[in-house]
file query-v2.txt (compact mmCIF, N, CA and C atoms)
# COMPACT_ATOMS: atom_id res chain seq x y z
N MET A 1 172.49 122.59 124.08
CA MET A 1 171.83 123.83 124.42
C MET A 1 172.45 124.37 125.70
N GLU A 2 172.78 125.64 125.70
CA GLU A 2 173.36 126.27 126.87
C GLU A 2 172.31 126.45 127.95
N ALA A 3 172.75 126.59 129.18
CA ALA A 3 171.84 126.71 130.32
C ALA A 3 170.90 127.91 130.17
N SER A 4 171.41 129.05 129.70
CA SER A 4 170.55 130.23 129.58
C SER A 4 169.49 130.03 128.51
N GLU A 5 169.83 129.36 127.43
CA GLU A 5 168.85 129.07 126.39
C GLU A 5 167.80 128.10 126.91
N GLN A 6 168.25 127.12 127.69
CA GLN A 6 167.31 126.16 128.26
C GLN A 6 166.35 126.85 129.23
N ALA A 7 166.87 127.77 130.02
CA ALA A 7 166.02 128.52 130.95
C ALA A 7 164.99 129.34 130.19
N ASP A 8 165.40 129.96 129.09
CA ASP A 8 164.45 130.72 128.28
C ASP A 8 163.34 129.81 127.79
N GLU A 9 163.67 128.62 127.34
CA GLU A 9 162.68 127.68 126.85
C GLU A 9 161.76 127.22 127.99
N ASP A 10 162.33 126.96 129.15
CA ASP A 10 161.55 126.48 130.30
C ASP A 10 160.51 127.49 130.75
N PHE A 11 160.82 128.78 130.66
CA PHE A 11 159.94 129.81 131.17
C PHE A 11 159.18 130.53 130.07
N ALA A 12 159.26 130.08 128.83
CA ALA A 12 158.68 130.79 127.69
C ALA A 12 157.17 130.96 127.81
N ASP A 13 156.46 129.99 128.34
CA ASP A 13 155.01 130.06 128.36
C ASP A 13 154.44 130.59 129.68
N GLU A 14 155.28 130.84 130.64
CA GLU A 14 154.81 131.36 131.91
C GLU A 14 154.51 132.84 131.80
N GLU A 15 153.45 133.28 132.45
CA GLU A 15 153.17 134.70 132.52
C GLU A 15 153.84 135.23 133.76
N LEU A 16 154.86 136.02 133.57
CA LEU A 16 155.62 136.56 134.68
C LEU A 16 155.03 137.88 135.11
N SER A 17 155.25 138.25 136.34
CA SER A 17 154.78 139.55 136.80
C SER A 17 155.83 140.14 137.73
N GLY A 18 155.62 141.38 138.09
CA GLY A 18 156.55 142.03 139.00
C GLY A 18 157.57 142.86 138.26
N VAL A 19 158.40 143.52 139.02
CA VAL A 19 159.42 144.38 138.46
C VAL A 19 160.63 143.54 138.07
N GLN A 20 161.12 143.78 136.90
CA GLN A 20 162.29 143.07 136.40
C GLN A 20 163.45 144.04 136.36
N SER A 21 164.62 143.58 136.72
CA SER A 21 165.78 144.46 136.67
C SER A 21 166.46 144.35 135.31
N CYS A 22 167.22 145.36 134.99
CA CYS A 22 167.96 145.38 133.73
C CYS A 22 169.14 144.43 133.81
N PRO A 23 169.55 143.87 132.68
CA PRO A 23 170.77 143.08 132.70
C PRO A 23 171.92 143.93 133.22
N LYS A 24 172.86 143.31 133.93
CA LYS A 24 173.95 144.06 134.56
C LYS A 24 174.81 144.82 133.56
N ALA A 25 174.97 144.31 132.36
CA ALA A 25 175.85 144.94 131.38
C ALA A 25 175.18 146.12 130.68
N LYS A 26 173.88 146.31 130.89
CA LYS A 26 173.18 147.38 130.18
C LYS A 26 172.47 148.28 131.17
N THR A 27 172.15 149.46 130.72
CA THR A 27 171.37 150.37 131.55
C THR A 27 169.93 150.27 131.12
N CYS A 28 169.03 150.58 132.01
CA CYS A 28 167.62 150.59 131.68
C CYS A 28 167.34 151.71 130.69
N ALA A 29 166.37 151.47 129.83
CA ALA A 29 166.03 152.48 128.83
C ALA A 29 165.63 153.80 129.48
N SER A 30 164.92 153.72 130.60
CA SER A 30 164.47 154.95 131.24
C SER A 30 165.61 155.74 131.87
N GLU A 31 166.76 155.12 132.07
CA GLU A 31 167.88 155.82 132.66
C GLU A 31 168.64 156.68 131.65
N ASP A 32 168.57 156.32 130.37
CA ASP A 32 169.35 157.04 129.39
C ASP A 32 168.53 157.75 128.32
N LYS A 33 167.21 157.71 128.42
CA LYS A 33 166.38 158.47 127.49
C LYS A 33 165.02 158.73 128.11
N GLU A 34 164.25 159.55 127.43
CA GLU A 34 162.94 159.90 127.94
C GLU A 34 161.98 158.72 127.85
N LYS A 35 160.89 158.82 128.59
CA LYS A 35 159.86 157.81 128.55
C LYS A 35 159.31 157.69 127.13
N PRO A 36 159.07 156.46 126.65
CA PRO A 36 158.57 156.29 125.28
C PRO A 36 157.21 156.97 125.09
N GLU A 37 156.93 157.30 123.86
CA GLU A 37 155.65 157.91 123.55
C GLU A 37 154.53 156.91 123.81
N GLU A 38 153.38 157.43 124.21
CA GLU A 38 152.23 156.57 124.44
C GLU A 38 151.72 156.05 123.11
N LEU A 39 151.12 154.88 123.13
CA LEU A 39 150.63 154.24 121.91
C LEU A 39 149.12 154.47 121.79
N PRO A 40 148.64 154.73 120.57
CA PRO A 40 147.24 155.10 120.38
C PRO A 40 146.26 153.93 120.48
N LYS A 41 144.99 154.26 120.66
CA LYS A 41 143.93 153.24 120.66
C LYS A 41 143.77 152.65 119.26
N ASN A 42 143.89 153.50 118.25
CA ASN A 42 143.74 153.05 116.86
C ASN A 42 145.13 152.84 116.26
N PRO A 43 145.50 151.60 115.94
CA PRO A 43 146.84 151.37 115.40
C PRO A 43 147.12 152.09 114.09
N ASP A 44 146.09 152.41 113.32
CA ASP A 44 146.29 153.14 112.07
C ASP A 44 146.88 154.53 112.30
N ASP A 45 146.69 155.06 113.51
CA ASP A 45 147.25 156.38 113.82
C ASP A 45 148.77 156.40 113.73
N LEU A 46 149.40 155.26 113.92
CA LEU A 46 150.87 155.20 113.82
C LEU A 46 151.36 155.47 112.40
N LEU A 47 150.53 155.14 111.42
CA LEU A 47 150.91 155.38 110.02
C LEU A 47 151.10 156.87 109.77
N ASP A 48 150.28 157.70 110.43
CA ASP A 48 150.39 159.15 110.29
C ASP A 48 151.62 159.70 111.01
N GLU A 49 152.21 158.88 111.91
CA GLU A 49 153.38 159.30 112.67
C GLU A 49 154.69 158.78 112.07
N GLY A 50 154.62 158.24 110.84
CA GLY A 50 155.83 157.80 110.17
C GLY A 50 156.16 156.32 110.31
N TYR A 51 155.32 155.57 110.99
CA TYR A 51 155.54 154.13 111.12
C TYR A 51 155.10 153.43 109.84
N GLU A 52 155.71 152.29 109.58
CA GLU A 52 155.33 151.45 108.44
C GLU A 52 154.75 150.15 108.99
N GLU A 53 153.68 149.68 108.39
CA GLU A 53 153.10 148.42 108.85
C GLU A 53 153.88 147.26 108.25
N THR A 54 154.26 146.31 109.11
CA THR A 54 155.05 145.15 108.69
C THR A 54 154.33 143.85 109.02
N THR A 55 153.02 143.91 109.19
CA THR A 55 152.22 142.77 109.63
C THR A 55 152.17 141.68 108.58
N HIS A 56 152.36 140.44 109.04
CA HIS A 56 152.16 139.27 108.18
C HIS A 56 150.64 139.08 108.01
N PRO A 57 150.16 138.74 106.81
CA PRO A 57 148.72 138.60 106.58
C PRO A 57 148.03 137.61 107.54
N GLU A 58 148.69 136.53 107.89
CA GLU A 58 148.10 135.54 108.81
C GLU A 58 147.96 136.13 110.21
N ALA A 59 148.92 136.92 110.64
CA ALA A 59 148.85 137.54 111.96
C ALA A 59 147.71 138.56 112.00
N ARG A 60 147.52 139.28 110.91
CA ARG A 60 146.46 140.29 110.87
C ARG A 60 145.09 139.64 111.00
N LYS A 61 144.93 138.45 110.42
CA LYS A 61 143.66 137.72 110.56
C LYS A 61 143.36 137.39 112.01
N LYS A 62 144.41 137.29 112.83
CA LYS A 62 144.26 136.96 114.25
C LYS A 62 144.20 138.21 115.13
N GLY A 63 144.14 139.38 114.51
CA GLY A 63 144.02 140.62 115.27
C GLY A 63 145.34 141.19 115.74
N LYS A 64 146.45 140.74 115.15
CA LYS A 64 147.77 141.25 115.55
C LYS A 64 148.34 142.08 114.40
N ARG A 65 148.94 143.22 114.75
CA ARG A 65 149.54 144.09 113.74
C ARG A 65 150.88 144.57 114.25
N GLU A 66 151.88 144.64 113.36
CA GLU A 66 153.21 145.12 113.73
C GLU A 66 153.56 146.35 112.92
N PHE A 67 154.27 147.25 113.58
CA PHE A 67 154.68 148.51 112.98
C PHE A 67 156.13 148.79 113.30
N LEU A 68 156.80 149.43 112.36
CA LEU A 68 158.20 149.80 112.54
C LEU A 68 158.37 151.26 112.14
N ASN A 69 159.05 152.01 113.00
CA ASN A 69 159.39 153.39 112.67
C ASN A 69 160.79 153.35 112.07
N PRO A 70 160.93 153.56 110.76
CA PRO A 70 162.24 153.45 110.12
C PRO A 70 163.25 154.49 110.59
N LYS A 71 162.80 155.62 111.10
CA LYS A 71 163.72 156.66 111.57
C LYS A 71 164.30 156.34 112.94
N THR A 72 163.47 155.78 113.83
CA THR A 72 163.91 155.53 115.21
C THR A 72 164.23 154.06 115.48
N GLY A 73 163.72 153.16 114.63
CA GLY A 73 163.89 151.73 114.86
C GLY A 73 162.88 151.16 115.83
N ASP A 74 161.95 151.99 116.34
CA ASP A 74 160.94 151.54 117.28
C ASP A 74 160.03 150.52 116.59
N LYS A 75 159.90 149.33 117.20
CA LYS A 75 159.06 148.26 116.66
C LYS A 75 158.01 147.91 117.70
N VAL A 76 156.73 147.96 117.31
CA VAL A 76 155.63 147.69 118.22
C VAL A 76 154.64 146.71 117.60
N ARG A 77 153.90 146.02 118.48
CA ARG A 77 152.87 145.09 118.03
C ARG A 77 151.57 145.40 118.76
N PHE A 78 150.49 145.53 117.99
CA PHE A 78 149.15 145.74 118.54
C PHE A 78 148.41 144.41 118.53
N GLU A 79 147.70 144.13 119.64
CA GLU A 79 146.89 142.92 119.72
C GLU A 79 145.47 143.32 120.08
N LYS A 80 144.54 142.98 119.19
CA LYS A 80 143.12 143.29 119.39
C LYS A 80 142.56 142.35 120.45
N GLY A 81 141.87 142.91 121.44
CA GLY A 81 141.27 142.10 122.50
C GLY A 81 140.01 141.40 122.03
N ASP A 82 139.74 140.26 122.62
CA ASP A 82 138.51 139.50 122.36
C ASP A 82 137.59 139.73 123.56
N PRO A 83 136.44 140.39 123.35
CA PRO A 83 135.57 140.71 124.49
C PRO A 83 135.07 139.48 125.25
N ASN A 84 135.18 138.31 124.67
CA ASN A 84 134.75 137.08 125.34
C ASN A 84 135.83 136.47 126.22
N LYS A 85 137.00 137.10 126.27
CA LYS A 85 138.11 136.58 127.07
C LYS A 85 138.43 137.52 128.21
N THR A 86 139.16 136.99 129.19
CA THR A 86 139.53 137.78 130.36
C THR A 86 140.99 138.19 130.28
N GLY A 87 141.39 139.08 131.20
CA GLY A 87 142.78 139.51 131.26
C GLY A 87 143.19 140.27 130.00
N TRP A 88 144.47 140.19 129.68
CA TRP A 88 145.00 140.92 128.52
C TRP A 88 144.42 140.42 127.22
N LYS A 89 144.02 139.15 127.14
CA LYS A 89 143.43 138.62 125.90
C LYS A 89 142.09 139.28 125.59
N GLY A 90 141.47 139.86 126.61
CA GLY A 90 140.19 140.53 126.44
C GLY A 90 140.30 142.03 126.21
N LYS A 91 141.52 142.56 126.21
CA LYS A 91 141.73 144.01 126.05
C LYS A 91 142.64 144.29 124.86
N ASP A 92 142.35 145.37 124.15
CA ASP A 92 143.29 145.84 123.15
C ASP A 92 144.56 146.27 123.89
N HIS A 93 145.71 145.90 123.36
CA HIS A 93 146.97 146.29 124.01
C HIS A 93 148.12 146.26 123.01
N TRP A 94 149.24 146.81 123.45
CA TRP A 94 150.46 146.91 122.66
C TRP A 94 151.60 146.17 123.34
N HIS A 95 152.59 145.82 122.54
CA HIS A 95 153.89 145.35 123.01
C HIS A 95 154.94 146.17 122.27
N ARG A 96 155.97 146.58 122.98
CA ARG A 96 157.08 147.32 122.35
C ARG A 96 158.33 146.45 122.47
N TYR A 97 158.96 146.17 121.32
CA TYR A 97 160.15 145.33 121.29
C TYR A 97 161.37 146.07 121.83
N ASN A 98 162.23 145.35 122.52
CA ASN A 98 163.47 145.89 123.05
C ASN A 98 164.55 145.76 121.98
N PRO A 99 165.08 146.87 121.46
CA PRO A 99 166.10 146.78 120.42
C PRO A 99 167.42 146.18 120.93
N ASN A 100 167.59 146.12 122.25
CA ASN A 100 168.81 145.57 122.85
C ASN A 100 168.57 144.21 123.50
N ALA A 101 167.52 143.51 123.11
CA ALA A 101 167.17 142.24 123.72
C ALA A 101 168.28 141.21 123.55
N THR A 102 168.44 140.40 124.59
CA THR A 102 169.42 139.32 124.56
C THR A 102 168.72 137.96 124.59
N GLY A 103 167.42 137.93 124.76
CA GLY A 103 166.65 136.69 124.83
C GLY A 103 165.22 137.01 125.23
N LYS A 104 164.45 135.97 125.56
CA LYS A 104 163.04 136.14 125.91
C LYS A 104 162.84 136.89 127.22
N ARG A 105 163.85 136.88 128.09
CA ARG A 105 163.69 137.53 129.39
C ARG A 105 163.75 139.06 129.31
N ASP A 106 164.23 139.62 128.20
CA ASP A 106 164.23 141.08 128.03
C ASP A 106 163.80 141.45 126.61
N LEU A 107 162.96 140.62 126.01
CA LEU A 107 162.55 140.81 124.61
C LEU A 107 161.70 142.06 124.41
N MET A 108 160.92 142.42 125.42
CA MET A 108 160.00 143.55 125.31
C MET A 108 160.43 144.69 126.22
N LEU A 109 159.76 145.82 126.05
CA LEU A 109 159.93 146.97 126.94
C LEU A 109 158.60 147.24 127.63
N ASP A 110 158.65 147.68 128.87
CA ASP A 110 157.42 148.05 129.55
C ASP A 110 157.00 149.46 129.13
N LYS A 111 155.94 149.97 129.74
CA LYS A 111 155.43 151.29 129.35
C LYS A 111 156.42 152.42 129.63
N ASN A 112 157.40 152.17 130.51
CA ASN A 112 158.41 153.18 130.83
C ASN A 112 159.70 153.00 130.05
N GLY A 113 159.76 151.99 129.19
CA GLY A 113 160.96 151.76 128.39
C GLY A 113 161.98 150.84 129.04
N ASN A 114 161.60 150.16 130.12
CA ASN A 114 162.50 149.23 130.79
C ASN A 114 162.32 147.81 130.24
N PRO A 115 163.36 147.01 130.18
CA PRO A 115 163.24 145.63 129.68
C PRO A 115 162.21 144.83 130.47
N ALA A 116 161.45 144.01 129.74
CA ALA A 116 160.42 143.16 130.34
C ALA A 116 160.43 141.82 129.63
N PRO A 117 160.20 140.73 130.35
CA PRO A 117 160.17 139.41 129.73
C PRO A 117 158.99 139.24 128.78
N LYS A 118 159.17 138.46 127.76
CA LYS A 118 158.09 138.11 126.83
C LYS A 118 156.97 137.45 127.62
N GLY A 119 155.74 137.87 127.40
CA GLY A 119 154.59 137.28 128.05
C GLY A 119 154.32 137.79 129.45
N SER A 120 155.17 138.66 129.98
CA SER A 120 154.97 139.17 131.33
C SER A 120 153.86 140.21 131.35
N ASN A 121 153.29 140.41 132.52
CA ASN A 121 152.26 141.43 132.68
C ASN A 121 152.79 142.80 132.30
N THR A 122 154.03 143.08 132.68
CA THR A 122 154.60 144.41 132.41
C THR A 122 154.90 144.65 130.93
N SER A 123 154.93 143.59 130.12
CA SER A 123 155.18 143.77 128.69
C SER A 123 153.93 144.21 127.93
N HIS A 124 152.78 144.21 128.59
CA HIS A 124 151.53 144.64 127.98
C HIS A 124 151.33 146.12 128.26
N ILE A 125 151.04 146.88 127.21
CA ILE A 125 150.89 148.33 127.33
C ILE A 125 149.49 148.72 126.86
N GLU A 126 148.75 149.39 127.75
CA GLU A 126 147.41 149.84 127.39
C GLU A 126 147.49 151.05 126.46
N PRO A 127 146.65 151.10 125.43
CA PRO A 127 146.62 152.28 124.55
C PRO A 127 146.07 153.49 125.29
N LYS A 128 146.48 154.66 124.83
CA LYS A 128 145.99 155.91 125.45
C LYS A 128 145.10 156.66 124.50
call {"tool": "encode", "arguments": {"input": "query-v2.txt", "output": "structure tokens"}}
result
Amino acid sequence: MEASEQADEDFADEELSGVQSCPKAKTCASEDKEKPEELPKNPDDLLDEGYEETTHPEARKKGKREFLNPKTGDKVRFEKGDPNKTGWKGKDHWHRYNPNATGKRDLMLDKNGNPAPKGSNTSHIEPK
């Protein structure tokens, strides 16, 4: 296993926070395009916007739903909050996948379209 893969494994379960910089070889999403569209409170609203639901039945039972926009390639995941839990697990929220991800450290995009590590605070997006 290469060092970078080992590092990804070592930090996979940690909840990271703070501002993350873009990989040196790439530009941040917000530098080369507009801020991503806000995500709705009701995930079904994405179906009216041209997204297709790609959720696995087992994931849906756990309150997780995935959507893909076939025209733009935008892939997002909705996670239903559990009112008995605290933090992000207690709130409905979204994750937006980074189409240029190189590993877990830039797997997601934040609300502004910048790369964010999987499981980080910045990878969670509140619905509008």
call {"tool": "atom_distance", "arguments": {"input": "query-v2.txt", "atom1": "atom CA of A:Lys41", "atom2": "atom CA of A:Asp106"}}
result
24.8 Å
call {"tool": "atom_distance", "arguments": {"input": "query-v2.txt", "atom1": "atom CA of A:Asp44", "atom2": "atom CA of A:Gly73"}}
result
17.9 Å
call {"tool": "atom_distance", "arguments": {"input": "query-v2.txt", "atom1": "atom N of A:Thr54", "atom2": "atom CA of A:Lys71"}}
result
14.2 Å
call {"tool": "closest_residue", "arguments": {"input": "query-v2.txt", "among": "A:Asp74, A:Glu66, A:Glu52, A:Glu126", "to": "A:His93", "atoms": "all atoms listed in the file"}}
result
A:Glu126
call {"tool": "residues_around", "arguments": {"input": "query-v2.txt", "residues": "A:Asp92", "least_positions_apart": "6", "cutoff": "6 Å", "atoms": "all atoms listed in the file", "output": "list in words"}}
result
Glu79, Lys80, Gly81, Asp82, Glu126 and Pro127 of chain A
call {"tool": "closest_residue", "arguments": {"input": "query-v2.txt", "among": "A:Lys62, A:Lys85, A:Phe67, A:Lys111", "to": "A:Leu47", "atoms": "only N, CA and C atoms"}}
result
A:Phe67
call {"tool": "residues_around", "arguments": {"input": "query-v2.txt", "residues": "A:Gly50", "least_positions_apart": "5", "cutoff": "7 Å", "atoms": "all atoms listed in the file", "output": "ChimeraX atom specification"}}
result
/A:45,68-71
call {"tool": "closest_residue", "arguments": {"input": "query-v2.txt", "among": "A:Asp48, A:Glu38, A:Glu53, A:Asp110", "to": "A:Arg65", "atoms": "all atoms listed in the file"}}
result
A:Glu53
call {"tool": "axis_aligned_box", "arguments": {"input": "query-v2.txt", "around": "stretch 103-122 of chain A", "padding_each_side": "6 Å", "output": "AutoDock Vina command-line options"}}
result
--center_x 159.8 --center_y 144.6 --center_z 128.5 --size_x 27.2 --size_y 29.2 --size_z 20.3
call {"tool": "closest_residue", "arguments": {"input": "query-v2.txt", "among": "A:Glu58, A:Pro83, A:Ser123, A:Asn42", "to": "A:Arg96", "atoms": "all atoms listed in the file"}}
result
A:Ser123
call {"tool": "closest_residue", "arguments": {"input": "query-v2.txt", "among": "A:Arg77, A:Lys104, A:Lys61, A:His56", "to": "A:Pro40", "atoms": "only C-alpha atoms"}}
result
A:Arg77
call {"tool": "closest_residue", "arguments": {"input": "query-v2.txt", "among": "A:Lys118, A:Lys89, A:Lys128, A:Lys64", "to": "A:Gly103", "atoms": "only C-alpha atoms"}}
result
A:Lys118
